[in-house]
>>> print(open('target10.cif').read())   # mmCIF, C-alpha atoms
data_coords
loop_
_atom_site.label_atom_id
_atom_site.label_comp_id
_atom_site.auth_asym_id
_atom_site.auth_seq_id
_atom_site.Cartn_x
_atom_site.Cartn_y
_atom_site.Cartn_z
CA MET A 35 0.00 0.00 0.00
CA LEU A 36 2.65 2.51 1.02
CA ALA A 37 4.64 1.87 -2.15
CA SER A 38 1.64 2.27 -4.45
CA ALA A 39 1.11 5.49 -6.37
CA PRO A 40 -2.40 6.91 -6.01
CA HIS A 41 -3.93 8.85 -8.87
CA VAL A 42 -7.27 10.50 -9.42
CA ASN A 43 -9.82 8.58 -11.48
CA PRO A 44 -9.68 10.21 -14.96
CA SER A 45 -13.48 10.23 -15.15
CA VAL A 46 -13.69 12.54 -12.12
CA ARG A 47 -14.08 16.24 -13.00
CA LEU A 48 -11.87 18.47 -10.86
CA THR A 49 -12.60 22.18 -10.47
CA GLU A 50 -10.29 24.58 -8.68
CA LEU A 51 -12.27 26.91 -6.44
CA ASP A 52 -11.46 30.51 -5.48
CA THR A 53 -11.27 29.43 -1.86
CA GLY A 54 -8.22 27.30 -2.66
CA GLY A 55 -10.17 24.05 -2.44
CA ILE A 56 -11.12 21.56 -5.13
CA ARG A 57 -14.56 20.35 -6.18
CA MET A 58 -14.69 16.76 -7.40
CA VAL A 59 -17.69 15.84 -9.50
CA TYR A 60 -18.12 12.12 -10.05
CA GLU A 61 -20.65 9.61 -11.21
CA LYS A 62 -22.18 7.63 -8.39
CA ALA A 63 -21.40 3.95 -8.31
CA GLY A 64 -24.19 1.36 -8.44
CA GLY A 65 -25.49 -1.65 -10.32
CA PHE A 66 -28.37 -1.87 -12.76
CA LEU A 67 -31.04 -1.81 -10.05
CA ILE A 68 -29.60 1.21 -8.27
CA ARG A 69 -29.32 3.08 -11.58
CA ALA A 70 -32.91 2.20 -12.44
CA LEU A 71 -34.13 3.38 -9.03
CA ARG A 72 -32.19 6.60 -9.42
CA ARG A 73 -33.85 7.23 -12.77
CA LEU A 74 -37.27 6.37 -11.37
CA PHE A 75 -36.98 8.79 -8.45
CA ALA A 76 -35.06 11.43 -10.43
CA ILE A 77 -32.00 11.20 -8.21
CA PRO A 78 -28.96 12.87 -9.83
CA ARG A 79 -26.42 10.49 -11.38
CA THR A 80 -23.53 12.61 -10.25
CA ALA A 81 -22.37 13.77 -6.85
CA GLU A 82 -19.82 16.30 -5.79
CA LEU A 83 -17.28 16.45 -3.06
CA LEU A 84 -15.68 19.66 -1.80
CA LEU A 85 -12.16 19.14 -0.57
CA ASP A 86 -10.71 21.36 2.14
CA ASP A 87 -7.31 22.99 1.95
CA ILE A 88 -5.33 19.95 3.12
CA GLY A 89 -7.32 17.49 1.00
CA SER A 90 -6.92 19.67 -2.08
CA ARG A 91 -3.17 19.94 -1.65
CA VAL A 92 -2.89 16.17 -1.34
CA VAL A 93 -4.96 15.66 -4.50
CA ARG A 94 -2.76 18.16 -6.38
CA HIS A 95 0.23 16.07 -5.36
CA MET A 96 -1.25 12.86 -6.76
CA ASP A 97 0.46 12.66 -10.11
CA GLY A 98 0.50 8.89 -10.46
CA LYS A 99 4.25 8.87 -9.69
CA ARG A 100 4.37 9.93 -6.05
CA THR A 101 3.77 7.00 -3.76
CA VAL A 102 1.61 6.96 -0.64
CA GLN A 103 4.88 7.06 1.32
CA ASP A 104 5.88 10.26 -0.54
CA LEU A 105 2.50 11.81 0.23
CA ILE A 106 2.87 10.90 3.92
CA ARG A 107 6.23 12.69 3.96
CA PHE A 108 4.67 15.68 2.22
CA VAL A 109 1.76 15.93 4.68
CA ALA A 110 4.04 15.42 7.68
CA GLY A 111 6.44 18.14 6.54
CA GLU A 112 3.78 20.59 5.49
CA TYR A 113 1.58 20.36 8.60
CA HIS A 114 4.17 19.63 11.33
CA LEU A 115 2.86 16.12 11.92
CA SER A 116 4.75 13.08 13.10
CA ARG A 117 5.13 10.34 10.48
CA LYS A 118 2.46 8.18 12.08
CA GLU A 119 0.02 11.07 12.48
CA ALA A 120 0.39 11.89 8.80
CA GLU A 121 0.06 8.21 7.89
CA VAL A 122 -3.17 7.76 9.85
CA ALA A 123 -4.70 10.92 8.42
CA LEU A 124 -3.65 10.25 4.85
CA LEU A 125 -4.68 6.58 4.80
CA ALA A 126 -8.11 7.49 6.21
CA TYR A 127 -8.47 10.17 3.55
CA LEU A 128 -7.37 7.89 0.72
CA GLU A 129 -9.70 5.17 1.96
CA ARG A 130 -12.63 7.59 1.80
CA LEU A 131 -11.71 8.67 -1.73
CA GLY A 132 -11.07 5.07 -2.75
CA ARG A 133 -14.46 3.92 -1.46
CA ARG A 134 -16.12 6.36 -3.89
CA ASN A 135 -13.80 5.27 -6.73
CA LEU A 136 -12.28 8.73 -6.87
CA VAL A 137 -8.71 7.45 -6.67
CA GLY A 138 -6.94 4.32 -7.84
CA PHE A 139 -3.64 2.87 -6.68
CA GLU A 140 -0.93 1.75 -9.02
CA MET A 141 1.75 -0.59 -7.77
CA THR A 142 5.26 0.46 -8.73
CA ALA A 143 7.66 -2.06 -10.28
CA ASP A 144 10.24 -1.60 -7.48
CA LYS A 145 9.70 -4.68 -5.38
CA ASP A 146 12.32 -3.69 -2.81
CA GLU A 147 10.14 -0.98 -1.35
CA THR A 148 7.11 -2.96 -0.42
CA GLY A 149 6.09 -0.86 2.56
CA ARG A 150 5.47 -4.09 4.43
CA TYR A 151 4.48 -4.01 8.07
CA ASP A 152 5.45 -6.92 10.25
CA GLU A 153 2.59 -6.63 12.69
CA MET B 183 25.28 11.40 10.91
CA ALA B 184 24.64 11.26 14.66
CA LEU B 185 21.67 9.19 15.70
CA THR B 186 18.98 11.23 17.47
CA LEU B 187 17.18 9.42 20.26
CA ALA B 188 13.73 10.34 21.52
CA ARG B 189 12.07 9.15 24.71
CA PHE B 190 9.30 6.59 24.37
CA GLY B 191 7.10 6.00 27.41
CA TRP B 192 4.15 3.63 27.70
CA GLN B 193 2.52 2.09 30.77
CA GLY B 194 5.42 3.16 32.95
CA ILE B 195 8.10 1.60 30.73
CA GLU B 196 10.52 4.02 29.12
CA PHE B 197 13.21 3.69 26.47
CA SER B 198 15.15 6.16 24.37
CA VAL B 199 14.82 5.06 20.76
CA PRO B 200 15.81 6.51 17.37
CA SER B 201 13.52 9.45 16.76
CA ASP B 202 12.01 7.94 13.60
CA TRP B 203 10.75 4.85 15.44
CA GLU B 204 7.09 5.29 16.27
CA LEU B 205 4.48 3.28 18.10
CA ASN B 206 2.54 1.06 15.69
CA ALA B 207 0.69 -1.29 18.04
CA TYR B 208 -0.17 -1.63 21.70
CA ARG B 209 -2.44 -3.68 23.89
CA GLY B 210 -2.90 -4.53 27.51
CA VAL B 211 -2.72 -2.64 30.76
CA TYR B 212 -0.14 -1.44 33.27
CA GLN B 213 0.44 -4.91 34.74
CA ASP B 214 0.43 -6.88 31.52
CA GLY B 215 0.82 -5.62 27.99
CA PHE B 216 2.63 -5.19 24.71
CA ALA B 217 3.88 -2.33 22.54
CA SER B 218 5.81 -2.23 19.30
CA LEU B 219 7.51 0.50 17.34
CA ASP B 220 8.33 0.67 13.64
CA ASP B 221 10.65 2.73 11.48
CA GLY B 222 8.03 3.31 8.79
CA ILE B 223 8.64 -0.03 7.06
CA HIS B 224 9.58 -2.66 9.62
CA THR B 225 8.87 -3.32 13.26
CA ARG B 226 12.05 -2.41 15.18
CA LEU B 227 11.24 -2.72 18.86
CA ARG B 228 8.86 -5.02 20.69
CA ILE B 229 8.20 -4.71 24.39
CA ARG B 230 6.18 -7.12 26.53
CA TRP B 231 5.58 -7.03 30.26
CA GLU B 232 3.67 -9.28 32.62
CA PRO B 233 3.48 -10.02 36.34
CA GLU B 234 6.39 -12.11 37.59
CA LYS B 235 5.74 -15.74 38.51
CA ARG B 236 2.72 -15.98 36.24
CA ARG B 237 4.45 -18.02 33.57
CA ALA B 238 8.07 -17.83 34.64
CA ALA B 239 9.63 -17.65 38.09
CA ASP B 240 12.69 -15.61 37.09
CA VAL B 241 14.46 -14.12 34.07
CA ALA B 242 16.29 -17.38 33.23
CA ALA B 243 13.03 -19.34 33.17
CA ALA B 244 11.38 -16.59 31.13
CA ARG B 245 14.25 -16.72 28.64
CA ASP B 246 13.90 -20.53 28.24
CA LEU B 247 10.18 -20.16 27.78
CA TYR B 248 10.69 -17.47 25.16
CA ALA B 249 13.37 -19.53 23.38
CA ARG B 250 10.92 -22.43 23.06
CA ALA B 251 8.24 -20.10 21.70
CA LEU B 252 10.70 -18.68 19.16
CA GLN B 253 11.76 -22.17 18.11
CA LYS B 254 8.15 -23.08 17.54
CA ARG B 255 7.46 -19.90 15.55
CA LEU B 256 10.63 -19.71 13.48
CA GLY B 257 11.53 -23.38 13.14
CA ARG B 258 14.92 -25.10 13.11
CA LYS B 259 16.62 -22.35 11.11
CA MET B 260 16.48 -20.12 14.17
CA SER B 261 19.62 -19.92 16.27
CA LEU B 262 19.73 -18.38 19.70
CA GLU B 263 22.78 -17.42 21.74
CA SER B 264 23.26 -15.75 25.08
CA ILE B 265 25.12 -12.51 25.37
CA GLY B 266 27.16 -11.98 28.51
CA PRO B 267 25.95 -9.61 31.22
CA GLU B 268 28.83 -7.21 30.44
CA PHE B 269 26.82 -6.22 27.36
CA LEU B 270 24.72 -4.00 29.61
CA PRO B 271 26.27 -1.00 31.37
CA LYS B 272 27.23 -1.59 35.00
CA ARG B 273 24.84 1.03 36.36
CA PHE B 274 22.02 -0.86 34.64
CA ARG B 275 23.15 -4.29 35.89
CA ASP B 276 23.29 -2.96 39.44
CA GLY B 277 19.62 -2.08 39.44
CA HIS B 278 18.17 -4.95 37.41
CA GLU B 279 18.27 -8.69 37.15
CA ALA B 280 18.53 -9.13 33.38
CA THR B 281 19.56 -11.52 30.64
CA VAL B 282 20.48 -10.61 27.07
CA PHE B 283 20.29 -12.85 24.03
CA LEU B 284 20.49 -12.76 20.27
CA TRP B 285 18.44 -14.77 17.83
CA GLN B 286 18.91 -15.12 14.12
CA ALA B 287 16.52 -16.41 11.51
CA ARG B 288 15.38 -14.59 8.36
CA GLU B 289 15.62 -11.51 10.53
CA ALA B 290 17.67 -11.07 13.67
CA ALA B 291 17.05 -9.55 17.06
CA ILE B 292 18.86 -8.66 20.23
CA GLY B 293 16.57 -9.16 23.19
CA MET B 294 16.62 -8.52 26.89
CA ILE B 295 14.47 -10.00 29.63
CA TRP B 296 14.54 -8.15 32.92
CA ARG B 297 12.78 -8.13 36.25
CA CYS B 298 11.46 -5.08 38.04
CA PRO B 299 11.15 -5.84 41.78
CA GLU B 300 9.18 -2.63 42.46
CA ARG B 301 6.48 -3.48 39.93
CA ARG B 302 6.90 -7.21 40.40
CA MET B 303 6.97 -7.73 36.68
CA LEU B 304 9.06 -9.37 34.01
CA GLY B 305 9.76 -7.42 30.85
CA LEU B 306 10.97 -8.47 27.43
CA ALA B 307 12.35 -5.99 24.93
CA GLU B 308 13.81 -6.95 21.60
CA ILE B 309 15.31 -4.85 18.88
CA ILE B 310 14.64 -6.31 15.47
CA PHE B 311 17.10 -6.10 12.60
CA PRO B 312 15.10 -6.93 9.46
CA GLY B 313 18.21 -7.35 7.27
CA GLY B 314 19.70 -9.92 9.64
CA ASP B 315 22.78 -7.85 10.63
CA THR B 316 22.60 -6.93 14.27
CA ASP B 317 23.87 -3.65 15.67
CA ARG B 318 25.11 -4.31 19.20
CA THR B 319 26.07 -0.69 19.83
CA LEU B 320 22.56 0.54 19.07
CA SER B 321 20.97 -2.25 21.13
CA ARG B 322 23.23 -1.53 24.10
CA ARG B 323 22.46 2.17 23.84
CA ILE B 324 18.71 1.57 23.79
CA PHE B 325 18.66 -1.08 26.54
CA SER B 326 20.75 1.09 28.84
CA THR B 327 18.04 3.79 28.73
CA LEU B 328 15.34 1.51 30.15
CA ALA B 329 13.30 2.77 33.08
CA ASP B 330 10.40 0.68 34.40
CA HIS B 331 9.26 2.71 37.38
CA ARG B 332 9.86 6.13 38.81
CA ALA B 333 10.86 7.11 42.29
CA ASP B 334 8.51 10.13 42.21
CA GLY B 335 5.51 7.88 41.49
CA ARG B 336 4.67 9.65 38.25
CA GLN B 337 4.30 8.05 34.82
CA LEU B 338 5.86 9.33 31.63
CA TRP B 339 3.85 8.92 28.44
CA ALA B 340 5.72 9.68 25.23
CA ALA B 341 4.70 8.72 21.72
CA TYR B 342 4.54 10.40 18.33
CA GLY B 343 6.63 13.30 19.59
CA PHE B 344 4.12 14.02 22.35
CA GLN B 345 5.35 13.74 25.91
CA PHE B 346 3.78 14.36 29.31
CA GLU B 347 3.76 13.09 32.86
CA ILE B 348 0.74 12.13 34.93
CA PRO B 349 0.21 11.11 38.57
CA GLY B 350 0.94 7.41 39.04
CA ARG B 351 -2.55 6.54 40.29
CA TYR B 352 -4.10 6.97 36.82
CA ARG B 353 -4.31 4.02 34.43
CA LEU B 354 -4.75 4.22 30.68
CA GLN B 355 -8.33 3.57 29.67
CA HIS B 356 -8.04 4.40 26.03
CA ALA B 357 -5.55 5.99 23.63
CA GLU B 358 -6.23 6.80 20.03
CA LEU B 359 -4.57 8.43 17.11
CA VAL B 360 -7.23 9.70 14.73
CA PRO B 361 -6.68 12.16 11.89
CA GLY B 362 -5.58 15.41 13.47
CA ARG B 363 -5.88 14.27 17.09
CA LEU B 364 -3.95 12.21 19.58
CA ARG B 365 -6.01 11.40 22.67
CA PHE B 366 -5.22 9.76 25.97
CA HIS B 367 -7.94 8.94 28.45
CA PHE B 368 -6.82 7.86 31.91
CA GLN B 369 -8.95 6.65 34.76
CA THR B 370 -8.64 6.06 38.47
CA GLY B 371 -11.81 4.76 40.05
CA ARG B 372 -14.54 7.00 38.69
CA ASP B 373 -12.23 9.92 38.10
CA TRP B 374 -10.62 10.61 34.78
CA LEU B 375 -7.86 12.61 33.19
CA ARG B 376 -7.74 13.46 29.50
CA VAL B 377 -4.69 14.64 27.65
CA GLU B 378 -4.94 15.57 23.99
CA ARG B 379 -2.95 17.06 21.19
CA TRP B 380 -4.63 18.43 18.09
CA SER B 381 -2.55 18.98 14.99
CA ALA B 382 -2.99 21.48 12.14
CA THR B 383 -4.80 23.84 14.51
CA SER B 384 -4.99 26.56 11.86
CA GLN B 385 -7.43 24.27 10.00
CA TRP B 386 -9.61 23.73 13.08
CA THR B 387 -9.66 27.41 13.99
CA LYS B 388 -10.99 28.36 10.56
CA GLU B 389 -14.35 27.03 11.76
CA THR B 390 -14.09 27.68 15.48
CA PRO B 391 -12.02 30.52 16.95
CA LEU B 392 -9.45 29.44 19.47
CA ASP B 393 -11.31 31.21 22.31
CA SER B 394 -14.33 28.98 21.75
CA MET B 395 -12.38 25.74 21.49
CA PRO B 396 -12.74 24.79 25.19
CA GLU B 397 -16.54 24.90 24.83
CA GLU B 398 -16.32 22.80 21.67
CA TRP B 399 -14.03 20.34 23.41
CA ILE B 400 -16.32 20.07 26.43
CA LYS B 401 -19.28 19.32 24.14
CA THR B 402 -17.50 16.11 23.13
CA LEU B 403 -17.85 14.88 26.72
CA ARG B 404 -21.67 15.03 26.42
CA THR B 405 -21.99 15.25 30.17
CA ALA B 406 -20.94 18.81 30.73
CA LEU B 407 -22.90 21.54 32.44
CA PRO B 408 -22.35 25.26 31.60
CA VAL B 409 -18.70 26.20 31.25
CA THR B 410 -16.71 28.96 32.92
CA LEU B 411 -13.73 30.23 30.98
CA GLU B 412 -10.81 32.21 32.25
CA LYS B 413 -9.14 33.50 29.13
CA ALA B 414 -6.38 35.71 30.42
CA GLY B 415 -3.52 35.62 32.82
CA ARG B 416 -2.41 32.01 32.34
CA THR B 417 0.81 31.11 30.63
CA LEU B 418 2.03 27.62 29.81
CA ARG B 419 5.39 27.09 28.15
CA ALA B 420 5.28 30.74 27.02
CA HIS B 421 1.84 30.29 25.43
CA ALA B 422 -1.32 32.01 26.60
CA ALA B 423 -3.58 29.33 28.06
CA ILE B 424 -7.32 29.22 28.61
CA ARG B 425 -8.49 27.76 31.89
CA PHE B 426 -11.95 26.22 31.88
CA THR B 427 -14.08 24.71 34.59
CA CYS B 428 -17.52 23.18 34.61
CA GLY B 429 -19.68 20.65 36.36
CA THR B 430 -20.37 17.32 34.74
CA ARG B 431 -23.22 14.87 35.19
CA GLU B 432 -22.01 11.36 35.59
CA TYR B 433 -23.62 8.08 36.55
CA LEU B 434 -27.13 9.57 36.71
CA LEU B 435 -27.16 11.46 39.99
CA ARG B 436 -23.47 11.88 40.62
CA LYS B 437 -22.01 15.27 39.80
CA SER B 438 -18.35 16.06 39.43
CA HIS B 439 -16.24 19.08 38.79
CA LEU B 440 -13.99 19.44 35.76
CA ASN B 441 -10.78 21.50 35.58
CA GLY B 442 -9.02 22.00 32.29
CA LEU B 443 -6.36 23.95 30.47
CA MET B 444 -6.02 24.52 26.75
CA TRP B 445 -3.37 26.33 24.78
CA ALA B 446 -2.06 26.56 21.25
CA CYS B 447 1.52 26.46 20.09
CA ALA B 448 1.76 28.57 16.94
CA ALA B 449 5.22 27.29 15.99
CA GLU B 450 3.94 23.71 15.87
CA ASP B 451 0.40 24.64 14.78
CA ARG B 452 -0.89 22.42 17.56
CA LEU B 453 -3.43 22.66 20.32
CA TYR B 454 -2.97 21.02 23.70
CA VAL B 455 -5.60 20.05 26.25
CA ALA B 456 -5.31 18.67 29.77
CA ALA B 457 -8.50 18.18 31.76
CA ALA B 458 -9.57 16.10 34.71
CA ASN B 459 -12.55 15.72 36.95
CA ASN B 460 -12.55 15.67 40.73
CA THR B 461 -9.02 16.88 41.03
CA THR B 462 -7.42 20.19 41.83
CA GLU B 463 -6.58 22.87 39.34
CA LYS B 464 -2.98 22.57 40.56
CA GLU B 465 -2.76 18.91 39.56
CA VAL B 466 -4.11 19.59 36.07
CA GLU B 467 -1.62 22.41 35.71
CA ALA B 468 1.20 20.10 36.86
CA VAL B 469 0.28 17.67 34.06
CA ALA B 470 -0.02 20.51 31.54
CA ARG B 471 3.41 21.86 32.46
CA THR B 472 5.00 18.53 31.50
CA MET B 473 3.37 18.47 28.06
CA VAL B 474 6.20 19.16 25.66
CA CYS B 475 5.78 21.51 22.73
CA ALA B 476 8.09 23.82 20.78
#
>>> encode(input="target10.cif", output="structure tokens")
Amino acid sequence: MLASAPHVNPSVRLTELDTGGIRMVYEKAGGFLIRALRRLFAIPRTAELLLDDIGSRVVRHMDGKRTVQDLIRFVAGEYHLSRKEAEVALLAYLERLGRRNLVGFEMTADKDETGRYDE
Amino acid sequence: MALTLARFGWQGIEFSVPSDWELNAYRGVYQDGFASLDDGIHTRLRIRWEPEKRRAADVAAARDLYARALQKRLGRKMSLESIGPEFLPKRFRDGHEATVFLWQAREAAIGMIWRCPERRMLGLAEIIFPGGDTDRTLSRRIFSTLADHRADGRQLWAAYGFQFEIPGRYRLQHAELVPGRLRFHFQTGRDWLRVERWSATSQWTKETPLDSMPEEWIKTLRTALPVTLEKAGRTLRAHAAIRFTCGTREYLLRKSHLNGLMWACAAEDRLYVAAANNTTEKEVEAVARTMVCA
């Protein structure tokens, strides 16, 4: 996980806001039944997510090359956090984005840096 | 480059460890528990403690027991050897009954089992070397910094660069690291003590001004009665602190009194809170004064 490179789903529309944040507009996930119910009850197919200052800066740093480990270092340095504090915050954030299919994770070829945890 | 050591303190056990080693797991209580630290990739230090004579009568028996457990876990490829007592500094040997050993398998470790007569416990600490090459100098340096009880009866808690001391009667009820917050909740009988550190305070204060933060914090208790704030005249570690007091409803009819202090460190962009019920303002301030910030 730590050695993977997160990147934003290309189908997500990103808009830079004047406030410094980012708006992510994405199509909601769901199978045939969910889509049919949405159409029946006129529920919008898309949803949007407003990212705060920290979240937006992290997303701007996701270029498909920087690994999760790199992003942890960035967050820790930028916001005076300990490594573990940054790790907890970033992994929770990525998990939330990942659950909505807003980001994907690409494994790098370098097998030496597996980011493995023993326990 | 010189190695920087930072103090780690958990359940009354203290070590100085390389500053990039951080707590990655813990369980248990003051009498019996486990903690491990990692360097970002691998686990580097494991500490276990338990009451003496529960499974082993002394350090030698505990070492044999642990050797058998290692053999079972790592198989025949594991080799274990004893390291002479001279490995540990004399001042350490004088105060502790201890045994040191080294085991080698796919990874290697230098371990120490010691006995604390004051706490009547046996402890096991092992420094893991994932590559298999052990560093005796580092291990010796870390082991020699062990403290397992304090003469002043206080407890040091130090993790993730956050350090503070509390009165020895409190026991950890709950500790959590959630995004932006590090929380410790201690208990003694029905009385509690909470110590917290919030990071990236400038983000929090965008929504709630710093002056209103004590009220916001107290709301999280869900048992608080109206709050009294004293916003001026307090200084903690050269930072202006807000003192807050309020009554709390607990256990239906029982009422208690809460004393707390909150301050922000601009250089670190962090907010610190120390609060306790049914204790004096002086005691809360004594805890707050030990909370280390820039």
>>> closest_residue(input="target10.cif", among="B:Val469, B:Leu354, B:Leu440, B:Leu185", to="Thr319 of chain B", atoms="all atoms listed in the file")
B:Leu185
>>> residues_near_point(input="target10.cif", point="(-22.4, 13.5, -4.2)", cutoff="8 Å", atoms="all atoms listed in the file", output="list of chain:residue names")
A:Val59, A:Tyr60, A:Lys62, A:Thr80, A:Ala81, A:Glu82, A:Leu83
>>> interface_residues(input="target10.cif", of="chain A", to="chain B", cutoff="12 Å", atoms="only C-alpha atoms", output="number ranges by chain")
A: 35-37, 86-89, 102-104, 106-107, 109-128, 146-153
>>> write_last_selection(input="target10.cif", atoms="C-alpha atoms", output="JSON list (two decimals), in the coordinates of the input")
[["chain", "number", "residue", "atom", "x", "y", "z"],
["A", 35, "MET", "CA", 0.00, 0.00, 0.00],
["A", 36, "LEU", "CA", 2.65, 2.51, 1.02],
["A", 37, "ALA", "CA", 4.64, 1.87, -2.15],
["A", 86, "ASP", "CA", -10.71, 21.36, 2.14],
["A", 87, "ASP", "CA", -7.31, 22.99, 1.95],
["A", 88, "ILE", "CA", -5.33, 19.95, 3.12],
["A", 89, "GLY", "CA", -7.32, 17.49, 1.00],
["A", 102, "VAL", "CA", 1.61, 6.96, -0.64],
["A", 103, "GLN", "CA", 4.88, 7.06, 1.32],
["A", 104, "ASP", "CA", 5.88, 10.26, -0.54],
["A", 106, "ILE", "CA", 2.87, 10.90, 3.92],
["A", 107, "ARG", "CA", 6.23, 12.69, 3.96],
["A", 109, "VAL", "CA", 1.76, 15.93, 4.68],
["A", 110, "ALA", "CA", 4.04, 15.42, 7.68],
["A", 111, "GLY", "CA", 6.44, 18.14, 6.54],
["A", 112, "GLU", "CA", 3.78, 20.59, 5.49],
["A", 113, "TYR", "CA", 1.58, 20.36, 8.60],
["A", 114, "HIS", "CA", 4.17, 19.63, 11.33],
["A", 115, "LEU", "CA", 2.86, 16.12, 11.92],
["A", 116, "SER", "CA", 4.75, 13.08, 13.10],
["A", 117, "ARG", "CA", 5.13, 10.34, 10.48],
["A", 118, "LYS", "CA", 2.46, 8.18, 12.08],
["A", 119, "GLU", "CA", 0.02, 11.07, 12.48],
["A", 120, "ALA", "CA", 0.39, 11.89, 8.80],
["A", 121, "GLU", "CA", 0.06, 8.21, 7.89],
["A", 122, "VAL", "CA", -3.17, 7.76, 9.85],
["A", 123, "ALA", "CA", -4.70, 10.92, 8.42],
["A", 124, "LEU", "CA", -3.65, 10.25, 4.85],
["A", 125, "LEU", "CA", -4.68, 6.58, 4.80],
["A", 126, "ALA", "CA", -8.11, 7.49, 6.21],
["A", 127, "TYR", "CA", -8.47, 10.17, 3.55],
["A", 128, "LEU", "CA", -7.37, 7.89, 0.72],
["A", 146, "ASP", "CA", 12.32, -3.69, -2.81],
["A", 147, "GLU", "CA", 10.14, -0.98, -1.35],
["A", 148, "THR", "CA", 7.11, -2.96, -0.42],
["A", 149, "GLY", "CA", 6.09, -0.86, 2.56],
["A", 150, "ARG", "CA", 5.47, -4.09, 4.43],
["A", 151, "TYR", "CA", 4.48, -4.01, 8.07],
["A", 152, "ASP", "CA", 5.45, -6.92, 10.25],
["A", 153, "GLU", "CA", 2.59, -6.63, 12.69]]
>>> closest_residue(input="target10.cif", among="B:Leu375, B:Cys298, B:Ala457, B:Val474", to="Ile400 of chain B", atoms="all atoms listed in the file")
B:Ala457
>>> atom_distance(input="target10.cif", atom1="atom CA of Glu279 of chain B", atom2="atom CA of Asp240 of chain B")
8.9 Å
>>> resolve_selection(input="target10.cif", expression="the PyMOL selection byres ((chain B and resi 194) around 9)", output="VMD selection string")
chain B and resid 191 to 193 195 to 196 212 329 to 332 336 to 339 350
>>> write_last_selection(input="target10.cif", atoms="C-alpha atoms", output="tab-separated table (two decimals), in the frame of the given file")
chain	number	residue	atom	x	y	z
B	191	GLY	CA	7.10	6.00	27.41
B	192	TRP	CA	4.15	3.63	27.70
B	193	GLN	CA	2.52	2.09	30.77
B	195	ILE	CA	8.10	1.60	30.73
B	196	GLU	CA	10.52	4.02	29.12
B	212	TYR	CA	-0.14	-1.44	33.27
B	329	ALA	CA	13.30	2.77	33.08
B	330	ASP	CA	10.40	0.68	34.40
B	331	HIS	CA	9.26	2.71	37.38
B	332	ARG	CA	9.86	6.13	38.81
B	336	ARG	CA	4.67	9.65	38.25
B	337	GLN	CA	4.30	8.05	34.82
B	338	LEU	CA	5.86	9.33	31.63
B	339	TRP	CA	3.85	8.92	28.44
B	350	GLY	CA	0.94	7.41	39.04
>>> residues_near_point(input="target10.cif", point="(4.7, 8.3, -7.6)", cutoff="8 Å", atoms="only C-alpha atoms", output="ChimeraX atom specification")
/A:38-40,96-102,104,142
>>> atom_distance(input="target10.cif", atom1="atom CA of Phe216 of chain B", atom2="atom CA of Glu308 of chain B")
11.7 Å
>>> closest_residue(input="target10.cif", among="B:Ala470, B:Leu247, B:Ile292, B:Cys428", to="Thr316 of chain B", atoms="all atoms listed in the file")
B:Ile292
>>> atom_distance(input="target10.cif", atom1="atom CA of Glu263 of chain B", atom2="atom CA of Met294 of chain B")
12.0 Å
>>> axis_aligned_box(input="target10.cif", around="segment 133-140 of chain A", padding_each_side="4 Å", output="lines of an AutoDock Vina configuration file")
center_x = -8.5
center_y = 5.2
center_z = -5.2
size_x = 23.2
size_y = 15.0
size_z = 15.6
>>> closest_residue(input="target10.cif", among="A:Ile77, A:Leu84, A:Arg133, A:His95", to="Arg47 of chain A", atoms="only C-alpha atoms")
A:Leu84
>>> closest_residue(input="target10.cif", among="B:Phe325, B:Tyr248, B:Phe197, B:Trp374", to="Arg273 of chain B", atoms="all atoms listed in the file")
B:Phe325
>>> residues_around(input="target10.cif", residues="Gly266 of chain B", least_positions_apart="6", cutoff="9 Å", atoms="all atoms listed in the file", output="CSV table (one decimal) with C-alpha atoms, in the coordinates of the input")
chain,number,residue,atom,x,y,z
B,281,THR,CA,19.6,-11.5,30.6
B,282,VAL,CA,20.5,-10.6,27.1
B,283,PHE,CA,20.3,-12.8,24.0
>>> decode(input="target10.cif", residues="segment 240-244 of chain B", atoms="N, CA, C and O atoms", output="PDB file, in the first residue's frame")
ATOM      1  N   ASP B 240      11.625 -16.615  37.127  1.00  0.00           N
ATOM      2  CA  ASP B 240      12.688 -15.606  37.086  1.00  0.00           C
ATOM      3  C   ASP B 240      13.090 -15.345  35.638  1.00  0.00           C
ATOM      4  O   ASP B 240      12.521 -15.933  34.709  1.00  0.00           O
ATOM      5  N   VAL B 241      14.099 -14.499  35.440  1.00  0.00           N
ATOM      6  CA  VAL B 241      14.464 -14.122  34.068  1.00  0.00           C
ATOM      7  C   VAL B 241      15.013 -15.316  33.276  1.00  0.00           C
ATOM      8  O   VAL B 241      14.766 -15.427  32.076  1.00  0.00           O
ATOM      9  N   ALA B 242      15.724 -16.220  33.947  1.00  0.00           N
ATOM     10  CA  ALA B 242      16.286 -17.382  33.235  1.00  0.00           C
ATOM     11  C   ALA B 242      15.154 -18.288  32.730  1.00  0.00           C
ATOM     12  O   ALA B 242      15.182 -18.750  31.576  1.00  0.00           O
ATOM     13  N   ALA B 243      14.162 -18.513  33.587  1.00  0.00           N
ATOM     14  CA  ALA B 243      13.025 -19.343  33.174  1.00  0.00           C
ATOM     15  C   ALA B 243      12.235 -18.657  32.058  1.00  0.00           C
ATOM     16  O   ALA B 243      11.776 -19.309  31.113  1.00  0.00           O
ATOM     17  N   ALA B 244      12.115 -17.337  32.164  1.00  0.00           N
ATOM     18  CA  ALA B 244      11.383 -16.592  31.132  1.00  0.00           C
ATOM     19  C   ALA B 244      12.119 -16.680  29.797  1.00  0.00           C
ATOM     20  O   ALA B 244      11.514 -16.802  28.742  1.00  0.00           O
TER      21      ALA B 244
END
